[in-house]
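**Student:** Following this line is my_file.tsv, made up of TSV, C-alpha atoms:
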chain	number	residue	atom	x	y	z
A	82	MET	CA	-14.23	12.40	16.80
A	83	GLY	CA	-11.31	14.81	16.84
A	84	VAL	CA	-9.00	11.99	15.79
A	85	ILE	CA	-11.04	11.27	12.65
A	86	VAL	CA	-11.04	14.97	11.71
A	87	THR	CA	-7.25	15.12	12.15
A	88	ALA	CA	-6.83	12.01	10.01
A	89	ILE	CA	-9.01	13.46	7.25
A	90	ALA	CA	-7.03	16.71	7.46
A	91	VAL	CA	-3.75	14.80	7.05
A	92	LEU	CA	-5.03	12.99	3.94
A	93	ALA	CA	-6.52	16.22	2.54
A	94	ALA	CA	-3.19	18.01	3.09
A	95	LEU	CA	-1.39	15.24	1.21
A	96	CYS	CA	-3.85	15.29	-1.72
A	97	GLY	CA	-3.86	19.12	-1.84
A	98	GLY	CA	-0.07	19.25	-1.66
A	99	ALA	CA	0.25	16.62	-4.39
A	100	GLY	CA	-2.22	18.55	-6.58
A	101	LEU	CA	-0.26	21.80	-6.22
A	102	THR	CA	2.93	19.84	-6.91
A	103	SER	CA	1.55	18.54	-10.22
A	104	GLY	CA	0.65	22.10	-11.15
A	105	LEU	CA	4.12	23.41	-10.34
A	106	GLU	CA	5.80	20.49	-12.06
A	107	ARG	CA	4.10	21.23	-15.37
A	108	LEU	CA	6.14	24.45	-15.53
A	109	PHE	CA	9.33	22.38	-15.51
A	110	VAL	CA	8.47	19.91	-18.27
A	111	ARG	CA	9.29	20.54	-21.93
A	112	PRO	CA	8.10	18.24	-24.73
A	113	VAL	CA	11.68	17.30	-25.69
A	114	TRP	CA	12.67	16.37	-22.15
A	115	GLU	CA	12.22	13.02	-20.44
A	116	PRO	CA	9.01	13.48	-18.45
A	117	GLY	CA	9.95	11.01	-15.69
A	118	PRO	CA	7.17	10.50	-13.11
A	119	VAL	CA	4.86	12.83	-15.05
A	120	HIS	CA	4.95	10.36	-17.97
A	121	ALA	CA	1.51	9.98	-19.58
A	122	ALA	CA	-0.76	7.43	-17.89
A	123	ASP	CA	-4.24	6.43	-19.03
A	124	LEU	CA	-6.54	7.84	-16.34
A	125	ARG	CA	-9.78	6.90	-18.10
A	126	HIS	CA	-9.39	3.21	-18.95
A	127	PRO	CA	-8.55	0.56	-16.36
A	128	LEU	CA	-6.01	-1.87	-17.73
A	129	ASP	CA	-6.20	-5.64	-18.18
A	130	LEU	CA	-2.80	-7.36	-18.20
A	131	PRO	CA	-3.35	-11.05	-19.04
A	132	ASN	CA	-0.12	-12.33	-17.44
A	133	ALA	CA	-0.03	-10.04	-14.42
A	134	ASP	CA	0.03	-11.29	-10.85
A	135	ARG	CA	-3.42	-11.02	-9.33
A	136	TRP	CA	-2.31	-9.44	-6.03
A	137	LEU	CA	1.12	-7.83	-6.55
A	138	LEU	CA	0.13	-5.47	-9.39
A	139	PRO	CA	-2.86	-3.82	-7.63
A	140	ALA	CA	-0.98	-3.84	-4.30
A	141	GLY	CA	1.71	-1.56	-5.78
A	142	PRO	CA	-0.12	1.78	-5.99
A	143	VAL	CA	-1.96	1.18	-2.70
A	144	VAL	CA	1.31	0.52	-0.83
A	145	ALA	CA	2.96	3.59	-2.42
A	146	PHE	CA	-0.01	5.83	-1.58
A	147	ALA	CA	-0.08	4.49	1.99
A	148	GLY	CA	3.64	5.25	2.35
A	149	THR	CA	3.15	8.92	1.42
A	150	ALA	CA	0.09	9.24	3.69
A	151	LEU	CA	1.98	7.73	6.65
A	152	ALA	CA	4.91	10.12	6.12
A	153	MET	CA	2.50	13.09	5.98
A	154	ILE	CA	1.50	12.43	9.62
A	155	VAL	CA	4.69	13.95	11.07
A	156	VAL	CA	5.02	16.98	8.74
A	157	PRO	CA	4.41	20.14	10.82
A	158	LEU	CA	2.38	22.63	8.76
A	159	GLY	CA	2.17	25.21	11.53
A	160	SER	CA	2.06	25.39	15.31
A	161	GLY	CA	-0.38	22.62	16.28
A	162	LEU	CA	-1.03	21.76	12.61
A	163	ILE	CA	0.47	18.27	12.64
A	164	GLY	CA	-1.06	14.79	12.51
A	165	ARG	CA	0.98	13.43	15.41
A	166	ASP	CA	4.32	14.57	16.83
A	167	LEU	CA	5.94	11.12	16.95
A	168	GLY	CA	9.03	10.81	19.17
A	169	ILE	CA	11.00	9.19	16.33
A	170	GLY	CA	9.59	11.54	13.63
A	171	ALA	CA	12.60	12.06	11.33
A	172	PHE	CA	13.59	8.39	11.40
A	173	TYR	CA	9.97	7.35	10.86
A	174	VAL	CA	9.81	9.53	7.71
A	175	ILE	CA	12.86	7.84	6.16
A	176	VAL	CA	11.32	4.42	6.79
A	177	VAL	CA	7.75	4.99	5.61
A	178	ILE	CA	8.62	7.01	2.48
A	179	ASP	CA	10.47	3.94	1.22
A	180	PHE	CA	7.11	2.18	0.94
A	181	VAL	CA	6.84	4.10	-2.35
A	182	VAL	CA	9.86	2.13	-3.60
A	183	LEU	CA	8.30	-1.10	-2.33
A	184	GLY	CA	5.04	-0.28	-4.14
A	185	LEU	CA	6.83	0.50	-7.42
A	186	ALA	CA	8.87	-2.71	-7.13
A	187	LEU	CA	5.75	-4.79	-6.37
A	188	ALA	CA	3.83	-3.38	-9.33
A	189	GLY	CA	6.83	-3.58	-11.66
A	190	TRP	CA	7.44	-7.24	-10.84
A	191	GLY	CA	3.74	-8.14	-10.65
A	192	ALA	CA	2.83	-6.66	-14.04
A	193	ASN	CA	5.04	-9.35	-15.63
A	194	VAL	CA	5.89	-7.24	-18.69
A	195	PRO	CA	9.56	-6.71	-19.75
A	196	ASN	CA	9.37	-2.91	-19.40
A	197	THR	CA	7.99	-2.96	-15.87
A	198	VAL	CA	10.34	-5.71	-14.65
A	199	GLU	CA	13.19	-3.53	-15.93
A	200	ALA	CA	11.65	-0.61	-14.02
A	201	CYS	CA	11.53	-2.80	-10.88
A	202	TYR	CA	15.27	-3.46	-11.10
A	203	ARG	CA	15.98	0.22	-11.70
A	204	ILE	CA	13.82	1.40	-8.81
A	205	ILE	CA	15.69	-0.88	-6.39
A	206	ALA	CA	19.00	0.44	-7.74
A	207	GLN	CA	17.67	3.94	-6.99
A	208	LEU	CA	17.00	2.92	-3.37
A	209	VAL	CA	20.53	1.48	-3.07
A	210	ALA	CA	21.86	4.83	-4.31
A	211	TYR	CA	19.98	7.37	-2.20
A	212	VAL	CA	19.24	5.91	1.24
A	213	VAL	CA	22.72	6.13	2.81
A	214	PRO	CA	23.64	9.73	1.76
A	215	LEU	CA	20.10	10.91	2.53
A	216	GLY	CA	20.24	9.33	5.97
A	217	LEU	CA	23.61	11.01	6.61
A	218	ALA	CA	22.10	14.39	5.66
A	219	TYR	CA	19.40	13.78	8.32
A	220	VAL	CA	22.01	12.81	10.94
A	221	GLY	CA	23.67	16.25	10.82
A	222	VAL	CA	20.36	17.98	11.54
A	223	ILE	CA	19.48	15.57	14.35
A	224	MET	CA	22.85	16.21	16.04
A	225	MET	CA	22.09	19.94	16.28
A	226	ALA	CA	18.40	19.54	17.11
A	227	ARG	CA	19.17	16.85	19.73
A	228	SER	CA	15.87	15.16	18.94
A	229	LEU	CA	14.20	13.03	16.25
A	230	SER	CA	10.85	14.79	16.64
A	231	THR	CA	10.00	17.04	13.68
A	232	VAL	CA	8.45	19.64	16.00
A	233	ALA	CA	11.65	19.76	18.08
A	234	ILE	CA	13.72	20.12	14.89
A	235	VAL	CA	11.63	23.15	13.86
A	236	GLU	CA	11.84	24.55	17.39
A	237	ALA	CA	15.66	24.26	17.37
A	238	GLN	CA	15.78	26.54	14.31
A	239	ARG	CA	13.88	29.40	15.92
A	240	GLY	CA	17.03	31.54	15.96
A	241	LEU	CA	19.00	30.33	12.96
A	242	TRP	CA	18.11	27.95	10.12
A	243	PHE	CA	20.22	24.84	9.70
A	244	ILE	CA	20.93	25.74	6.05
A	245	VAL	CA	23.28	28.43	7.41
A	246	LEU	CA	25.06	26.07	9.82
A	247	GLN	CA	25.15	23.05	7.48
A	248	PRO	CA	25.35	24.19	3.83
A	249	LEU	CA	27.07	20.94	2.83
A	250	GLY	CA	24.25	18.87	4.33
A	251	PHE	CA	21.70	21.01	2.47
A	252	LEU	CA	23.45	20.41	-0.87
A	253	LEU	CA	23.54	16.69	-0.08
A	254	TYR	CA	19.81	16.80	0.67
A	255	LEU	CA	19.07	18.56	-2.66
A	256	VAL	CA	20.80	15.84	-4.69
A	257	THR	CA	19.54	12.85	-2.72
A	258	GLY	CA	16.05	14.38	-2.54
A	259	LEU	CA	15.94	14.43	-6.35
A	260	MET	CA	16.97	10.75	-6.34
A	261	GLN	CA	14.32	9.92	-3.77
A	262	SER	CA	11.56	11.63	-5.75
A	263	TYR	CA	12.76	10.21	-9.14
A	264	ARG	CA	12.96	13.69	-10.67
A	265	ALA	CA	15.44	14.76	-13.34
A	266	PRO	CA	18.30	13.92	-13.66
A	267	PHE	CA	17.50	10.64	-11.85
A	268	LEU	CA	14.41	9.47	-13.78
A	269	GLU	CA	15.66	6.18	-15.26
A	270	PRO	CA	12.87	4.06	-13.67
A	271	PHE	CA	10.31	6.10	-15.66
A	272	ALA	CA	12.32	6.46	-18.88
A	273	VAL	CA	10.52	6.85	-22.19
A	274	SER	CA	12.58	3.91	-23.55
A	275	ILE	CA	10.68	1.57	-21.20
A	276	ARG	CA	7.38	3.40	-21.78
A	277	GLY	CA	7.28	5.06	-18.42
A	278	GLY	CA	7.97	1.80	-16.59
A	279	VAL	CA	5.21	1.15	-14.08
A	280	LEU	CA	3.15	4.12	-15.33
A	281	GLY	CA	2.93	2.52	-18.77
A	282	ALA	CA	1.30	-0.53	-17.18
A	283	SER	CA	-1.24	1.43	-15.15
A	284	GLY	CA	-4.70	2.63	-15.99
A	285	GLY	CA	-7.81	4.09	-14.36
A	286	TRP	CA	-7.68	3.87	-10.58
A	287	SER	CA	-4.08	2.68	-10.45
A	288	ALA	CA	-2.93	5.56	-12.67
A	289	LEU	CA	-4.77	7.97	-10.36
A	290	LEU	CA	-3.12	6.52	-7.23
A	291	TRP	CA	0.32	6.57	-8.91
A	292	ARG	CA	-0.20	10.23	-9.77
A	293	ILE	CA	-0.99	11.09	-6.14
A	294	ALA	CA	1.83	8.94	-4.73
A	295	LEU	CA	4.51	10.20	-7.16
A	296	ALA	CA	3.53	13.87	-6.79
A	297	GLY	CA	3.15	13.23	-3.05
A	298	VAL	CA	6.68	11.91	-2.69
A	299	LEU	CA	8.12	15.08	-4.26
A	300	PHE	CA	5.87	17.21	-2.05
A	301	LEU	CA	7.07	15.31	1.04
A	302	VAL	CA	10.74	15.52	0.06
A	303	ALA	CA	10.39	19.30	-0.30
A	304	ALA	CA	8.34	19.66	2.90
A	305	ILE	CA	10.79	17.59	4.97
A	306	GLY	CA	13.65	19.55	3.39
A	307	ALA	CA	11.96	22.77	4.55
A	308	VAL	CA	11.57	21.30	8.06
A	309	LEU	CA	15.16	20.06	8.28
A	310	TYR	CA	17.00	23.04	6.78
A	311	LEU	CA	14.68	26.04	6.32
A	312	GLY	CA	13.05	26.28	9.73
A	313	GLY	CA	9.70	24.73	8.71
A	314	PRO	CA	6.74	26.94	9.70
A	315	ASN	CA	8.89	29.50	11.54
A	316	GLY	CA	8.58	33.00	10.15
A	317	PRO	CA	7.65	36.58	11.06
A	318	VAL	CA	4.15	38.18	11.09
A	319	LEU	CA	2.32	35.78	8.75
A	320	PRO	CA	0.92	32.45	10.03
A	321	GLY	CA	3.03	29.26	10.07
A	322	TRP	CA	1.14	27.39	7.38
A	323	PHE	CA	1.87	30.23	4.93
A	324	TRP	CA	5.63	30.10	5.56
A	325	MET	CA	5.63	26.30	5.42
A	326	THR	CA	3.83	26.27	2.05
A	327	LEU	CA	6.05	29.01	0.66
A	328	LYS	CA	9.28	27.27	1.75
A	329	THR	CA	8.11	23.87	0.52
A	330	TYR	CA	7.26	25.05	-2.99
A	331	ALA	CA	10.27	27.36	-3.24
A	332	LEU	CA	12.53	24.45	-2.35
A	333	MET	CA	10.67	22.21	-4.82
A	334	ALA	CA	11.09	24.77	-7.63
A	335	LEU	CA	14.79	25.08	-6.79
A	336	MET	CA	15.24	21.30	-6.90
A	337	LEU	CA	13.33	20.85	-10.17
A	338	GLY	CA	15.13	23.78	-11.81
A	339	LEU	CA	18.61	22.62	-10.75
A	340	GLY	CA	17.82	19.03	-11.78
A	341	ARG	CA	16.97	20.13	-15.31
A	342	LEU	CA	20.37	21.80	-15.71
A	343	VAL	CA	22.08	18.40	-15.80
A	344	ARG	CA	21.63	15.73	-18.45
A	345	PRO	CA	19.71	12.65	-17.21
A	346	LEU	CA	22.06	10.11	-15.60
A	347	SER	CA	21.91	6.37	-16.21
A	348	THR	CA	21.38	4.04	-13.25
A	349	ALA	CA	25.07	3.05	-13.34
A	350	GLU	CA	26.19	6.70	-13.27
A	351	MET	CA	23.78	7.45	-10.43
A	352	LEU	CA	25.14	4.56	-8.32
A	353	ALA	CA	28.72	5.69	-8.95
A	354	LEU	CA	27.84	9.31	-8.03
A	355	SER	CA	26.17	8.16	-4.84
A	356	TRP	CA	28.86	5.81	-3.56
A	357	LYS	CA	31.99	7.59	-4.78
A	358	ILE	CA	30.98	11.17	-3.96
A	359	LEU	CA	27.77	11.56	-1.94
A	360	THR	CA	28.39	8.92	0.75
A	361	PRO	CA	31.94	10.14	1.57
A	362	VAL	CA	30.61	13.72	1.59
A	363	GLY	CA	27.83	12.62	3.95
A	364	LEU	CA	30.34	11.05	6.37
A	365	LEU	CA	32.45	14.21	6.17
A	366	ASN	CA	29.36	16.32	6.91
A	367	VAL	CA	28.66	14.31	10.10
A	368	LEU	CA	32.22	14.99	11.30
A	369	LEU	CA	32.04	18.69	10.34
A	370	VAL	CA	28.78	19.16	12.23
A	371	GLY	CA	30.24	17.30	15.22
A	372	GLY	CA	33.27	19.60	15.17
A	373	LEU	CA	31.05	22.70	14.93
A	374	ILE	CA	28.99	21.59	17.95
A	375	LEU	CA	32.15	20.93	20.00
A	376	LEU	CA	33.42	24.41	19.05
A	377	GLY	CA	30.22	25.84	20.48
A	378	VAL	CA	28.51	26.65	17.16
A	379	ARG	CA	24.96	25.51	17.80
A	380	PRO	CA	21.48	27.00	17.56
B	23	MET	CA	-1.05	10.97	29.75
B	24	THR	CA	1.48	8.31	30.70
B	25	GLY	CA	4.17	7.22	28.25
B	26	THR	CA	2.50	3.97	27.21
B	27	ALA	CA	-0.85	5.66	26.65
B	28	THR	CA	0.80	8.30	24.44
B	29	VAL	CA	2.51	5.60	22.38
B	30	HIS	CA	-0.77	3.71	21.95
B	31	SER	CA	-2.62	6.88	20.93
B	32	ASP	CA	0.15	7.96	18.51
B	33	TYR	CA	0.51	4.66	16.71
B	34	GLY	CA	-3.22	4.06	16.86
B	35	PHE	CA	-3.44	7.23	14.77
B	36	VAL	CA	-0.84	5.81	12.35
B	37	GLY	CA	-2.99	2.67	12.09
B	38	LEU	CA	-6.09	4.79	11.46
B	39	ILE	CA	-4.34	6.60	8.57
B	40	LEU	CA	-3.40	3.21	7.14
B	41	VAL	CA	-7.03	2.02	7.30
B	42	MET	CA	-8.28	5.26	5.73
B	43	THR	CA	-5.79	5.08	2.82
B	44	SER	CA	-6.99	1.55	2.11
B	45	GLY	CA	-10.55	2.90	2.16
B	46	LEU	CA	-9.61	5.68	-0.31
B	47	ALA	CA	-7.94	3.09	-2.56
B	48	LEU	CA	-11.12	0.96	-2.51
B	49	LEU	CA	-13.14	4.09	-3.39
B	50	ALA	CA	-10.82	4.72	-6.35
B	51	VAL	CA	-11.25	1.11	-7.52
B	52	ALA	CA	-15.03	1.40	-7.23
B	53	ALA	CA	-15.10	4.73	-9.08
B	54	PHE	CA	-13.49	3.14	-12.15
B	55	ALA	CA	-15.40	-0.16	-11.97
B	56	ARG	CA	-17.66	0.65	-14.90
B	57	ALA	CA	-15.12	2.49	-17.09
B	58	PRO	CA	-14.29	0.91	-20.46
B	59	ARG	CA	-11.24	-1.36	-20.13
B	60	ARG	CA	-8.22	-1.72	-22.37
B	61	VAL	CA	-5.96	-4.75	-22.76
B	62	LEU	CA	-2.17	-4.58	-23.06
B	63	ASP	CA	-0.35	-6.93	-25.40
B	64	PRO	CA	0.64	-9.94	-23.25
B	65	SER	CA	4.36	-10.07	-24.04
B	66	GLN	CA	6.23	-12.45	-21.76
B	67	ALA	CA	8.64	-11.10	-19.17
B	68	TRP	CA	11.00	-14.08	-19.46
B	69	ALA	CA	14.06	-12.26	-20.76
B	70	GLN	CA	17.56	-11.39	-19.66
B	71	TYR	CA	17.93	-8.19	-17.65
B	72	ARG	CA	21.05	-6.19	-16.92
B	73	PHE	CA	21.28	-6.37	-13.13
B	74	GLY	CA	24.75	-4.92	-12.68
B	75	TYR	CA	24.64	-3.60	-9.11
B	76	ALA	CA	24.87	-6.73	-6.96
B	77	VAL	CA	28.06	-5.58	-5.20
B	78	TYR	CA	26.57	-2.12	-4.57
B	79	ALA	CA	23.54	-3.82	-3.02
B	80	LEU	CA	25.76	-5.86	-0.66
B	81	ILE	CA	27.73	-2.79	0.45
B	82	PHE	CA	24.42	-0.98	0.85
B	83	LEU	CA	23.15	-3.61	3.31
B	84	ALA	CA	26.20	-3.09	5.52
B	85	PHE	CA	26.08	0.73	5.34
B	86	ASP	CA	22.34	0.95	5.91
B	87	MET	CA	22.69	-0.97	9.18
B	88	GLU	CA	25.66	1.14	10.27
B	89	MET	CA	23.80	4.35	9.49
B	90	ILE	CA	20.97	3.29	11.82
B	91	PHE	CA	23.47	3.21	14.72
B	92	MET	CA	24.21	6.88	14.08
B	93	TYR	CA	20.66	8.03	14.93
B	94	PRO	CA	20.66	7.36	18.69
B	95	TRP	CA	24.26	8.63	18.79
B	96	ALA	CA	23.24	11.88	17.03
B	97	VAL	CA	20.44	12.56	19.55
B	98	VAL	CA	22.75	12.38	22.59
B	99	PHE	CA	25.87	13.79	20.88
B	100	THR	CA	25.76	17.31	22.36
B	101	ASP	CA	25.26	15.99	25.91
B	102	VAL	CA	28.10	13.44	25.76
B	103	GLY	CA	30.60	15.75	24.04
B	104	ILE	CA	34.16	15.03	22.97
B	105	SER	CA	34.20	11.30	23.79
B	106	ALA	CA	31.16	10.74	21.52
B	107	PHE	CA	33.00	12.62	18.77
B	108	LEU	CA	36.12	10.43	19.09
B	109	ASP	CA	34.00	7.26	19.11
B	110	MET	CA	32.29	8.33	15.90
B	111	LEU	CA	35.63	9.38	14.38
B	112	ILE	CA	36.83	5.78	14.71
B	113	PHE	CA	33.50	4.42	13.45
B	114	ILE	CA	33.55	6.69	10.37
B	115	ALA	CA	37.22	5.91	9.75
B	116	LEU	CA	36.30	2.21	9.63
B	117	LEU	CA	33.41	2.96	7.25
B	118	GLY	CA	35.76	5.06	5.09
B	119	VAL	CA	38.25	2.20	4.92
B	120	GLY	CA	35.35	-0.07	3.92
B	121	ILE	CA	34.39	2.20	1.01
B	122	ALA	CA	38.04	2.59	-0.04
B	123	TYR	CA	38.49	-1.19	0.01
B	124	ALA	CA	35.35	-1.81	-2.04
B	125	TRP	CA	36.39	0.89	-4.49
B	126	GLY	CA	39.92	-0.49	-4.80
B	127	MET	CA	38.63	-4.02	-5.40
B	128	GLY	CA	36.50	-2.72	-8.27
B	129	GLY	CA	33.22	-3.15	-6.38
B	130	LEU	CA	31.94	0.36	-7.14
B	131	GLN	CA	31.15	-0.17	-10.79
B	132	TRP	CA	28.33	-1.48	-12.95
B	133	GLU	CA	29.24	-4.99	-14.02
Using C-alpha cells, write down the structure from this file.

**Tutor:**
Amino acid sequence: MGVIVTAIAVLAALCGGAGLTSGLERLFVRPVWEPGPVHAADLRHPLDLPNADRWLLPAGPVVAFAGTALAMIVVPLGSGLIGRDLGIGAFYVIVVIDFVVLGLALAGWGANVPNTVEACYRIIAQLVAYVVPLGLAYVGVIMMARSLSTVAIVEAQRGLWFIVLQPLGFLLYLVTGLMQSYRAPFLEPFAVSIRGGVLGASGGWSALLWRIALAGVLFLVAAIGAVLYLGGPNGPVLPGWFWMTLKTYALMALMLGLGRLVRPLSTAEMLALSWKILTPVGLLNVLLVGGLILLGVRP
Amino acid sequence: MTGTATVHSDYGFVGLILVMTSGLALLAVAAFARAPRRVLDPSQAWAQYRFGYAVYALIFLAFDMEMIFMYPWAVVFTDVGISAFLDMLIFIALLGVGIAYAWGMGGLQWE
C-alpha cells in the first residue's frame, strides 16, 4: 500500500513541478523570441496524420513522459521525501532522462512529415552535443561525494556546497543543462521555421503529454542541478522541501535568463561549441577536481 | 533487508512507475477520445535532409563509452589516491589527443 502511495507522490511531484515550470517559463518568453519547447500545440483537437506510422508516432510522447517520471524517482525533495534512493542514482538519471530524446526522435520519424523528420535529425544532434560534457560535469561531483546515490551526494554537501568547490563544473552544467532541456539558445529542434517540429505534429492527448514531458525535463535538469551543486534540500530552519523547491526554481530562472542573453545557435554551432570548448573544459574539470581532492580540499 | 531483496524492491518500484505512467498515458488518450479531430496536410517526407554531423556522431560513440568508465573510477578515487589520479591523467591525455586529432583532420565541423 505504502509503495503505491509513494509512486503516486512521485508522479504528482513531477506533474506539479512541470506545472510550476510552465508558469515560470511564461515570464521568459517574448512574442518576438523563438518559443522553443513552449511552441503552440493544439491541446483541444487530436490530430490525424494520414501517412504517419501507426505505432511510432503515439509511442513518442509516452516514452518521453515515462523517461521524466523514471528520473523523478531519485530526486530527493527533503529528508525521506524520495521515491527510491537507488545505489546508482546519478548515473541512472543520465540514462533515463535520455528517453525524452528517444521519444522525440520516435515521434519525429514516425509522423512522416518533412518538418518532424528534420526535428528528429536535430534532436539526435542535440544528444550528440550534450551527453559527454554533461556526464563530465557529473563526474566531478561524484569524485567528491564518493557515491552515485543522490542522497549521499546531498549528504556530502552538508558543510559546503559543491558550487563553491567546483565553479567550472557548475558553469559546464548550466550550459549543458540548457542543451539537455532544449531551452534558448539551443532550441533548434523546436524552431518556428519547422513549425515547432514534433509539437507542430501533435494534438490533444499527445500535445498534453509533450507539455508535461518538456516542462518536466527542464524541471528535472534544474532539480538535479540543485542536488549536484547547491546542496539539494539542505538548509537552515525551514524544512527541506522548501529549500529544494527554492533552489530548483532559482536555478531554473538563472538558466532561462542567461540563455536569453545569447542569440539562438544553429545545430552546427552547438555541436562545435560542445566538442571544441565544453568537452575539453569537462576533461580539465575532472583533473582539477582530482587535484583538489589530492591537495586535501574536500567536503 | 539483504542486498538482493533491496535491489528487487528498488527496481520493482521503478517498474511500478513505468506501469503507472503507461496508465496515465492511456487515461490521457481516453480523455480526448471524443474531441473533434483535425487532419494535417499529408505532405510526403521523402526529401533530402542536411545530416552534417556523421563524424561528430562517430566520435560521440567512442567518448560516450569512455565516459562510462569514469563513473566507477570517480566513486573510488578518494580512497585510491595518487595512483588513480595518474591513471586518469594518462586516460584523459589519450582522449585529448583523440579530440585534437579529430579536430586537425577536419572532423569537428558541419559537412

**Student:** Which residue gives the smallest distance to Leu255 of chain A among A:Ser228, A:Val91, A:Tyr211, A:Leu346, with only C-alpha atoms counted?

**Tutor:**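 When distances to Leu255 of chain A are compared using only C-alpha atoms, the smallest one comes from A:Tyr211.
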
**Student:** So which residues touch Met225 of chain A within 10 Å, counting all atoms listed in the file, skipping near sequence neighbours fewer than 4 positions away, as a ChimeraX atom specification?

**Tutor:** /A:220-221,234,237-238,243,246-247,370-371,373-374,378-380 /B:96-100

**Student:** Report, in Å to a single decimal, how far apart atom CA of Trp136 of chain A and atom CA of Ile178 of chain A are.

**Tutor:**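 Answer for the atom CA of Ile178 of chain A to atom CA of Trp136 of chain A separation: 21.5 Å.
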
**Student:** Within 8 Å of (-2.4, 1.9, 2.6) (coordinates as in the file), grab all the protein and nucleic acid residues, counting only C-alpha atoms, and write them out as a list in words.

**Tutor:** Val143, Val144, Ala145, Phe146, Ala147, Gly148 and Ala150 of chain A; Ile39, Leu40, Val41, Met42, Thr43, Ser44 and Ala47 of chain B

**Student:** Store the residues of this selection in a file with C-alpha atoms, as a PDB file, in the coordinates of the input.

**Tutor:**
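Okay, result_23.pdb is ready:
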ATOM      1  CA  VAL A 143      -1.960   1.180  -2.700  1.00  0.00           C
ATOM      2  CA  VAL A 144       1.310   0.520  -0.830  1.00  0.00           C
ATOM      3  CA  ALA A 145       2.960   3.590  -2.420  1.00  0.00           C
ATOM      4  CA  PHE A 146      -0.010   5.830  -1.580  1.00  0.00           C
ATOM      5  CA  ALA A 147      -0.080   4.490   1.990  1.00  0.00           C
ATOM      6  CA  GLY A 148       3.640   5.250   2.350  1.00  0.00           C
ATOM      7  CA  ALA A 150       0.090   9.240   3.690  1.00  0.00           C
TER       8      ALA A 150
ATOM      9  CA  ILE B  39      -4.340   6.600   8.570  1.00  0.00           C
ATOM     10  CA  LEU B  40      -3.400   3.210   7.140  1.00  0.00           C
ATOM     11  CA  VAL B  41      -7.030   2.020   7.300  1.00  0.00           C
ATOM     12  CA  MET B  42      -8.280   5.260   5.730  1.00  0.00           C
ATOM     13  CA  THR B  43      -5.790   5.080   2.820  1.00  0.00           C
ATOM     14  CA  SER B  44      -6.990   1.550   2.110  1.00  0.00           C
ATOM     15  CA  ALA B  47      -7.940   3.090  -2.560  1.00  0.00           C
TER      16      ALA B  47
END

**Student:** Kindly provide, as number ranges by chain, the residues of chain B having any atom no farther than 6 Å from an atom of chain A, counting all atoms listed in the file.

**Tutor:** B: 43, 50-51, 58-62, 64, 67, 96-97, 132

**Student:** Could you jot down the atom CA of Ile244 of chain A to atom CA of Met325 of chain A separation for me, Å, one decimal place?

**Tutor:**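 Here the two named atoms are 15.3 Å from each other.
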